[in-house]
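query-v3.pdb follows; it contains PDB, C-alpha atoms, pLDDT in the B column.
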ATOM      1  CA  MET A  15    -121.093 205.105  88.079  1.00 42.00           C
ATOM      2  CA  GLU A  16    -122.973 205.871  91.218  1.00 43.00           C
ATOM      3  CA  GLY A  17    -124.219 202.826  93.106  1.00 50.00           C
ATOM      4  CA  SER A  18    -122.001 200.426  91.196  1.00 70.00           C
ATOM      5  CA  ARG A  19    -119.613 198.003  92.816  1.00 80.00           C
ATOM      6  CA  SER A  20    -115.962 198.777  93.231  1.00 81.00           C
ATOM      7  CA  PRO A  21    -113.376 197.062  91.033  1.00 78.00           C
ATOM      8  CA  HIS A  22    -112.079 195.404  94.200  1.00 80.00           C
ATOM      9  CA  ASP A  23    -115.523 193.854  94.850  1.00 85.00           C
ATOM     10  CA  MET A  24    -115.713 192.673  91.248  1.00 83.00           C
ATOM     11  CA  ALA A  25    -112.239 191.181  91.520  1.00 81.00           C
ATOM     12  CA  ARG A  26    -113.242 189.399  94.737  1.00 85.00           C
ATOM     13  CA  GLU A  27    -116.408 188.002  93.116  1.00 88.00           C
ATOM     14  CA  THR A  28    -114.406 186.912  90.084  1.00 86.00           C
ATOM     15  CA  HIS A  29    -112.022 185.075  92.372  1.00 86.00           C
ATOM     16  CA  GLU A  30    -114.970 183.385  94.133  1.00 91.00           C
ATOM     17  CA  CYS A  31    -116.447 182.301  90.790  1.00 93.00           C
ATOM     18  CA  ARG A  32    -113.097 180.915  89.677  1.00 91.00           C
ATOM     19  CA  ALA A  33    -112.825 179.000  92.977  1.00 94.00           C
ATOM     20  CA  LYS A  34    -116.283 177.509  92.305  1.00 96.00           C
ATOM     21  CA  GLU A  35    -115.148 176.671  88.765  1.00 95.00           C
ATOM     22  CA  LEU A  36    -112.188 174.770  90.208  1.00 96.00           C
ATOM     23  CA  GLU A  37    -114.546 172.775  92.449  1.00 97.00           C
ATOM     24  CA  VAL A  38    -116.754 171.948  89.457  1.00 98.00           C
ATOM     25  CA  TYR A  39    -113.770 170.844  87.356  1.00 98.00           C
ATOM     26  CA  GLU A  40    -112.472 168.687  90.214  1.00 98.00           C
ATOM     27  CA  ALA A  41    -115.914 167.064  90.509  1.00 98.00           C
ATOM     28  CA  MET A  42    -115.860 166.460  86.748  1.00 98.00           C
ATOM     29  CA  LEU A  43    -112.447 164.822  87.106  1.00 97.00           C
ATOM     30  CA  THR A  44    -113.835 162.512  89.794  1.00 97.00           C
ATOM     31  CA  LEU A  45    -116.738 161.636  87.490  1.00 97.00           C
ATOM     32  CA  SER A  46    -114.318 160.928  84.649  1.00 97.00           C
ATOM     33  CA  GLN A  47    -112.570 158.473  86.943  1.00 97.00           C
ATOM     34  CA  ARG A  48    -115.951 156.871  87.729  1.00 97.00           C
ATOM     35  CA  GLN A  49    -116.683 156.690  84.015  1.00 97.00           C
ATOM     36  CA  ARG A  50    -113.371 154.904  83.430  1.00 96.00           C
ATOM     37  CA  ASP A  51    -114.136 152.400  86.181  1.00 96.00           C
ATOM     38  CA  ALA A  52    -117.617 151.844  84.727  1.00 96.00           C
ATOM     39  CA  ILE A  53    -116.226 151.254  81.241  1.00 94.00           C
ATOM     40  CA  LEU A  54    -113.601 148.830  82.514  1.00 94.00           C
ATOM     41  CA  GLY A  55    -116.242 146.983  84.548  1.00 93.00           C
ATOM     42  CA  ALA A  56    -118.792 147.030  81.694  1.00 91.00           C
ATOM     43  CA  ASP A  57    -121.144 148.850  84.084  1.00 93.00           C
ATOM     44  CA  TRP A  58    -123.155 150.705  81.442  1.00 92.00           C
ATOM     45  CA  ASN A  59    -125.736 151.967  83.950  1.00 95.00           C
ATOM     46  CA  GLY A  60    -122.946 153.410  86.079  1.00 96.00           C
ATOM     47  CA  LEU A  61    -121.455 155.023  82.994  1.00 95.00           C
ATOM     48  CA  GLU A  62    -124.797 156.581  82.137  1.00 96.00           C
ATOM     49  CA  ARG A  63    -125.257 157.939  85.677  1.00 97.00           C
ATOM     50  CA  ALA A  64    -121.769 159.446  85.756  1.00 97.00           C
ATOM     51  CA  THR A  65    -122.294 160.969  82.310  1.00 96.00           C
ATOM     52  CA  ARG A  66    -125.601 162.571  83.362  1.00 97.00           C
ATOM     53  CA  GLU A  67    -123.963 164.006  86.482  1.00 98.00           C
ATOM     54  CA  LYS A  68    -121.086 165.338  84.414  1.00 97.00           C
ATOM     55  CA  GLU A  69    -123.486 167.003  81.958  1.00 97.00           C
ATOM     56  CA  LYS A  70    -124.977 168.976  84.866  1.00 98.00           C
ATOM     57  CA  LEU A  71    -121.495 170.055  85.945  1.00 98.00           C
ATOM     58  CA  ILE A  72    -120.676 171.168  82.405  1.00 97.00           C
ATOM     59  CA  VAL A  73    -123.714 173.452  82.518  1.00 97.00           C
ATOM     60  CA  GLN A  74    -122.514 174.865  85.867  1.00 97.00           C
ATOM     61  CA  ALA A  75    -119.004 175.425  84.534  1.00 96.00           C
ATOM     62  CA  THR A  76    -120.404 177.201  81.480  1.00 96.00           C
ATOM     63  CA  GLN A  77    -122.537 179.467  83.660  1.00 96.00           C
ATOM     64  CA  LEU A  78    -119.610 180.259  85.933  1.00 96.00           C
ATOM     65  CA  GLY A  79    -117.390 181.004  82.940  1.00 93.00           C
ATOM     66  CA  ALA A  80    -120.013 183.379  81.559  1.00 94.00           C
ATOM     67  CA  ARG A  81    -120.265 185.105  84.947  1.00 94.00           C
ATOM     68  CA  VAL A  82    -116.483 185.515  85.121  1.00 90.00           C
ATOM     69  CA  ALA A  83    -116.433 186.998  81.625  1.00 88.00           C
ATOM     70  CA  ALA A  84    -119.205 189.427  82.576  1.00 90.00           C
ATOM     71  CA  LEU A  85    -117.354 190.451  85.732  1.00 86.00           C
ATOM     72  CA  ILE A  86    -114.145 191.044  83.792  1.00 83.00           C
ATOM     73  CA  ASP A  87    -116.048 193.187  81.292  1.00 84.00           C
ATOM     74  CA  GLU A  88    -117.720 195.123  84.103  1.00 84.00           C
ATOM     75  CA  CYS A  89    -114.419 195.645  85.905  1.00 79.00           C
ATOM     76  CA  ALA A  90    -112.729 196.731  82.672  1.00 78.00           C
ATOM     77  CA  LEU A  91    -115.508 199.223  82.013  1.00 80.00           C
ATOM     78  CA  ALA A  92    -115.309 200.587  85.566  1.00 77.00           C
ATOM     79  CA  THR A  93    -111.520 200.972  85.522  1.00 76.00           C
ATOM     80  CA  GLY A  94    -111.043 201.919  81.891  1.00 76.00           C
ATOM     81  CA  VAL A  95    -108.511 199.109  81.543  1.00 71.00           C
ATOM     82  CA  ARG A  96    -108.902 196.319  78.999  1.00 68.00           C
ATOM     83  CA  ASN A  97    -109.527 192.641  79.830  1.00 61.00           C
ATOM     84  CA  HIS A  98    -107.818 190.822  82.751  1.00 61.00           C
ATOM     85  CA  GLU A  99    -105.512 193.697  83.618  1.00 61.00           C
ATOM     86  CA  CYS A 100    -108.393 195.399  85.433  1.00 59.00           C
ATOM     87  CA  LEU A 101    -108.502 192.536  87.940  1.00 60.00           C
ATOM     88  CA  ALA A 102    -104.794 192.786  88.614  1.00 59.00           C
ATOM     89  CA  ARG A 103    -105.147 196.489  89.305  1.00 57.00           C
ATOM     90  CA  ALA A 104    -108.056 195.725  91.625  1.00 56.00           C
ATOM     91  CA  GLY A 105    -105.893 193.411  93.719  1.00 55.00           C
ATOM     92  CA  ALA A 106    -106.879 189.965  92.466  1.00 53.00           C
ATOM     93  CA  GLU A 107    -103.603 189.131  90.762  1.00 53.00           C
ATOM     94  CA  VAL A 108    -101.979 186.654  93.176  1.00 45.00           C
ATOM     95  CA  GLY A 109    -105.083 184.663  94.097  1.00 52.00           C
ATOM     96  CA  SER A 110    -106.321 184.481  90.508  1.00 60.00           C
ATOM     97  CA  CYS A 111    -102.957 183.338  89.212  1.00 67.00           C
ATOM     98  CA  LEU A 112    -102.896 180.458  91.687  1.00 82.00           C
ATOM     99  CA  LEU A 113    -106.474 179.510  90.812  1.00 85.00           C
ATOM    100  CA  ASN A 114    -105.757 179.745  87.105  1.00 85.00           C
ATOM    101  CA  ALA A 115    -102.795 177.404  87.509  1.00 89.00           C
ATOM    102  CA  LYS A 116    -104.875 174.916  89.505  1.00 93.00           C
ATOM    103  CA  ILE A 117    -107.722 175.090  86.995  1.00 94.00           C
ATOM    104  CA  ALA A 118    -105.282 174.549  84.127  1.00 93.00           C
ATOM    105  CA  ARG A 119    -103.834 171.484  85.895  1.00 96.00           C
ATOM    106  CA  VAL A 120    -107.265 169.961  86.575  1.00 97.00           C
ATOM    107  CA  LEU A 121    -108.451 170.671  83.025  1.00 96.00           C
ATOM    108  CA  SER A 122    -105.320 169.017  81.666  1.00 96.00           C
ATOM    109  CA  GLU A 123    -105.973 165.913  83.784  1.00 97.00           C
ATOM    110  CA  LEU A 124    -109.627 165.986  82.740  1.00 97.00           C
ATOM    111  CA  LEU A 125    -108.682 166.084  79.069  1.00 96.00           C
ATOM    112  CA  THR A 126    -106.305 163.155  79.565  1.00 96.00           C
ATOM    113  CA  PHE A 127    -109.074 161.137  81.240  1.00 94.00           C
ATOM    114  CA  GLU A 128    -111.589 162.056  78.539  1.00 96.00           C
ATOM    115  CA  ASN A 129    -109.243 160.892  75.776  1.00 96.00           C
ATOM    116  CA  SER A 130    -108.432 157.685  77.646  1.00 96.00           C
ATOM    117  CA  ASN A 131    -112.115 157.009  78.351  1.00 96.00           C
ATOM    118  CA  GLN A 132    -112.946 157.533  74.695  1.00 94.00           C
ATOM    119  CA  GLU A 133    -110.333 154.958  73.682  1.00 94.00           C
ATOM    120  CA  LEU A 134    -111.550 152.494  76.333  1.00 94.00           C
ATOM    121  CA  LEU A 135    -115.145 152.934  75.229  1.00 92.00           C
ATOM    122  CA  GLU A 136    -114.244 152.376  71.588  1.00 89.00           C
ATOM    123  CA  SER A 137    -112.361 149.200  72.549  1.00 90.00           C
ATOM    124  CA  ALA A 138    -115.299 148.015  74.652  1.00 86.00           C
ATOM    125  CA  MET A 139    -117.618 148.580  71.705  1.00 83.00           C
ATOM    126  CA  GLU A 140    -115.532 146.485  69.278  1.00 82.00           C
ATOM    127  CA  PRO A 141    -117.028 143.117  70.307  1.00 77.00           C
ATOM    128  CA  VAL A 142    -120.506 144.618  69.867  1.00 76.00           C
ATOM    129  CA  ARG A 143    -119.561 145.811  66.390  1.00 73.00           C
ATOM    130  CA  GLU A 144    -118.348 142.313  65.515  1.00 73.00           C
ATOM    131  CA  GLU A 145    -121.531 140.760  66.867  1.00 77.00           C
ATOM    132  CA  LEU A 146    -123.660 143.172  64.837  1.00 76.00           C
ATOM    133  CA  LYS A 147    -121.673 142.266  61.714  1.00 76.00           C
ATOM    134  CA  ALA A 148    -122.368 138.593  62.388  1.00 73.00           C
ATOM    135  CA  VAL A 149    -126.073 139.319  62.854  1.00 75.00           C
ATOM    136  CA  ARG A 150    -126.172 141.239  59.555  1.00 74.00           C
ATOM    137  CA  THR A 151    -124.356 138.387  57.822  1.00 77.00           C
ATOM    138  CA  GLY A 152    -126.794 135.888  59.328  1.00 72.00           C
ATOM    139  CA  LYS A 153    -129.769 137.945  58.180  1.00 70.00           C
ATOM    140  CA  ARG A 154    -128.365 138.093  54.652  1.00 70.00           C
ATOM    141  CA  ALA A 155    -127.846 134.327  54.669  1.00 71.00           C
ATOM    142  CA  LEU A 156    -131.413 133.746  55.841  1.00 70.00           C
ATOM    143  CA  ARG A 157    -132.795 136.078  53.170  1.00 70.00           C
ATOM    144  CA  ALA A 158    -130.730 134.258  50.550  1.00 71.00           C
ATOM    145  CA  TYR A 159    -131.908 130.871  51.800  1.00 71.00           C
ATOM    146  CA  TRP A 160    -135.548 131.878  52.117  1.00 75.00           C
ATOM    147  CA  GLY A 161    -135.363 134.327  49.256  1.00 69.00           C
ATOM    148  CA  GLN A 162    -137.877 132.386  47.191  1.00 51.00           C
ATOM    149  CA  PRO A 163    -141.486 133.419  47.727  1.00 49.00           C
ATOM    150  CA  ALA A 164    -143.306 131.533  50.463  1.00 48.00           C
ATOM    151  CA  VAL A 165    -145.954 130.248  48.012  1.00 49.00           C
ATOM    152  CA  ARG A 166    -143.333 128.574  45.886  1.00 49.00           C
ATOM    153  CA  ALA A 167    -141.812 126.992  48.971  1.00 50.00           C
ATOM    154  CA  HIS A 168    -145.213 125.619  49.949  1.00 50.00           C
ATOM    155  CA  GLY A 169    -145.731 124.429  46.402  1.00 50.00           C
ATOM    156  CA  LEU A 170    -142.546 122.414  46.611  1.00 53.00           C
ATOM    157  CA  ILE A 171    -143.571 120.860  49.859  1.00 52.00           C
ATOM    158  CA  ASP A 172    -147.095 120.119  48.569  1.00 49.00           C
ATOM    159  CA  GLY A 173    -145.680 118.817  45.303  1.00 49.00           C
ATOM    160  CA  ASP A 174    -143.465 116.403  47.193  1.00 49.00           C
ATOM    161  CA  ALA A 175    -146.385 115.000  49.153  1.00 46.00           C
TER     162      ALA A 175
END
Output the file's structure as structure tokens, nothing else.
Amino acid sequence: MEGSRSPHDMARETHECRAKELEVYEAMLTLSQRQRDAILGADWNGLERATREKEKLIVQATQLGARVAALIDECALATGVRNHECLARAGAEVGSCLLNAKIARVLSELLTFENSNQELLESAMEPVREELKAVRTGKRALRAYWGQPAVRAHGLIDGDA
């Protein structure tokens, strides 16, 4: 493979991508905390802003993950070794293991926040659900009350006059 990068270079780039992934996940964790604060404070605009920012980070994380996968494939092809073992042979073992552990920790915290935020949001929505039920009930009552055609109602009024 003349002109191709060395497995060591691929391992280094993989490590750099994983470090960027960690930064993205940490930023997502911060946004999850902002989302929680927005939900608790009924700041729906703040929640929307944080959610839009997080969506952009999810796209970045997906792109970085795809790049890491491509680098692992490329390194495996260059070394003739399958999957992640090629990176270890190229000298990325220690740094990647530490990054993987940090990423796993942040993702675990992120999942915990996401679940908690979902529960908080559902609780915050309950009064709205109740209000909508009351509105539907009120509409049904009005339809039942005014259910007779308008002409007949006018006829009654005119007939009484």
Next on the checklist: Quick check, in Å to one decimal: how far apart do CA of Lys116 (chain A) and CA of Lys34 (chain A) lie?
Outcome noted: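 CA of Lys34 (chain A) lies at a distance of 12.0 Å from CA of Lys116 (chain A).
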Item to check | Evaluate the PyMOL selection byres ((chain A and resi 71) around 12) and report residues as a ChimeraX atom specification | outcome: /A:34-46,64-70,72-78
Create the file for the chosen residues now, containing C-alpha atoms and written as a PDB file, keeping the file's coordinate frame.
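result-v1.pdb, freshly written:
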ATOM      1  CA  LYS A  34    -116.283 177.509  92.305  1.00 96.00           C
ATOM      2  CA  GLU A  35    -115.148 176.671  88.765  1.00 95.00           C
ATOM      3  CA  LEU A  36    -112.188 174.770  90.208  1.00 96.00           C
ATOM      4  CA  GLU A  37    -114.546 172.775  92.449  1.00 97.00           C
ATOM      5  CA  VAL A  38    -116.754 171.948  89.457  1.00 98.00           C
ATOM      6  CA  TYR A  39    -113.770 170.844  87.356  1.00 98.00           C
ATOM      7  CA  GLU A  40    -112.472 168.687  90.214  1.00 98.00           C
ATOM      8  CA  ALA A  41    -115.914 167.064  90.509  1.00 98.00           C
ATOM      9  CA  MET A  42    -115.860 166.460  86.748  1.00 98.00           C
ATOM     10  CA  LEU A  43    -112.447 164.822  87.106  1.00 97.00           C
ATOM     11  CA  THR A  44    -113.835 162.512  89.794  1.00 97.00           C
ATOM     12  CA  LEU A  45    -116.738 161.636  87.490  1.00 97.00           C
ATOM     13  CA  SER A  46    -114.318 160.928  84.649  1.00 97.00           C
ATOM     14  CA  ALA A  64    -121.769 159.446  85.756  1.00 97.00           C
ATOM     15  CA  THR A  65    -122.294 160.969  82.310  1.00 96.00           C
ATOM     16  CA  ARG A  66    -125.601 162.571  83.362  1.00 97.00           C
ATOM     17  CA  GLU A  67    -123.963 164.006  86.482  1.00 98.00           C
ATOM     18  CA  LYS A  68    -121.086 165.338  84.414  1.00 97.00           C
ATOM     19  CA  GLU A  69    -123.486 167.003  81.958  1.00 97.00           C
ATOM     20  CA  LYS A  70    -124.977 168.976  84.866  1.00 98.00           C
ATOM     21  CA  ILE A  72    -120.676 171.168  82.405  1.00 97.00           C
ATOM     22  CA  VAL A  73    -123.714 173.452  82.518  1.00 97.00           C
ATOM     23  CA  GLN A  74    -122.514 174.865  85.867  1.00 97.00           C
ATOM     24  CA  ALA A  75    -119.004 175.425  84.534  1.00 96.00           C
ATOM     25  CA  THR A  76    -120.404 177.201  81.480  1.00 96.00           C
ATOM     26  CA  GLN A  77    -122.537 179.467  83.660  1.00 96.00           C
ATOM     27  CA  LEU A  78    -119.610 180.259  85.933  1.00 96.00           C
TER      28      LEU A  78
END
Output, as AutoDock Vina command-line options, the centre and edge lengths in Å (one decimal) of the axis-aligned box that contains all listed atoms of region 54-57 of chain A with 3 Å of margin on each side.
--center_x -117.4 --center_y 147.9 --center_z 83.1 --size_x 13.5 --size_y 7.9 --size_z 8.9
Next on the checklist: One number please: CA of Leu124 (chain A) to CA of Pro141 (chain A), in Å, one decimal.
Outcome noted: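 One can read the CA of Leu124 (chain A) to CA of Pro141 (chain A) distance as 27.1 Å.
Among the candidate residues A:Leu146, A:Leu135, A:Ala155, A:Met24, the one lying nearest to Leu91 (chain A) is A:Met24, with distances computed using only C-alpha atoms.
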Checklist entry - Do you have the CA of Arg32 (chain A)-CA of Leu113 (chain A) distance handy? => result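 A separation of 6.9 Å between them.
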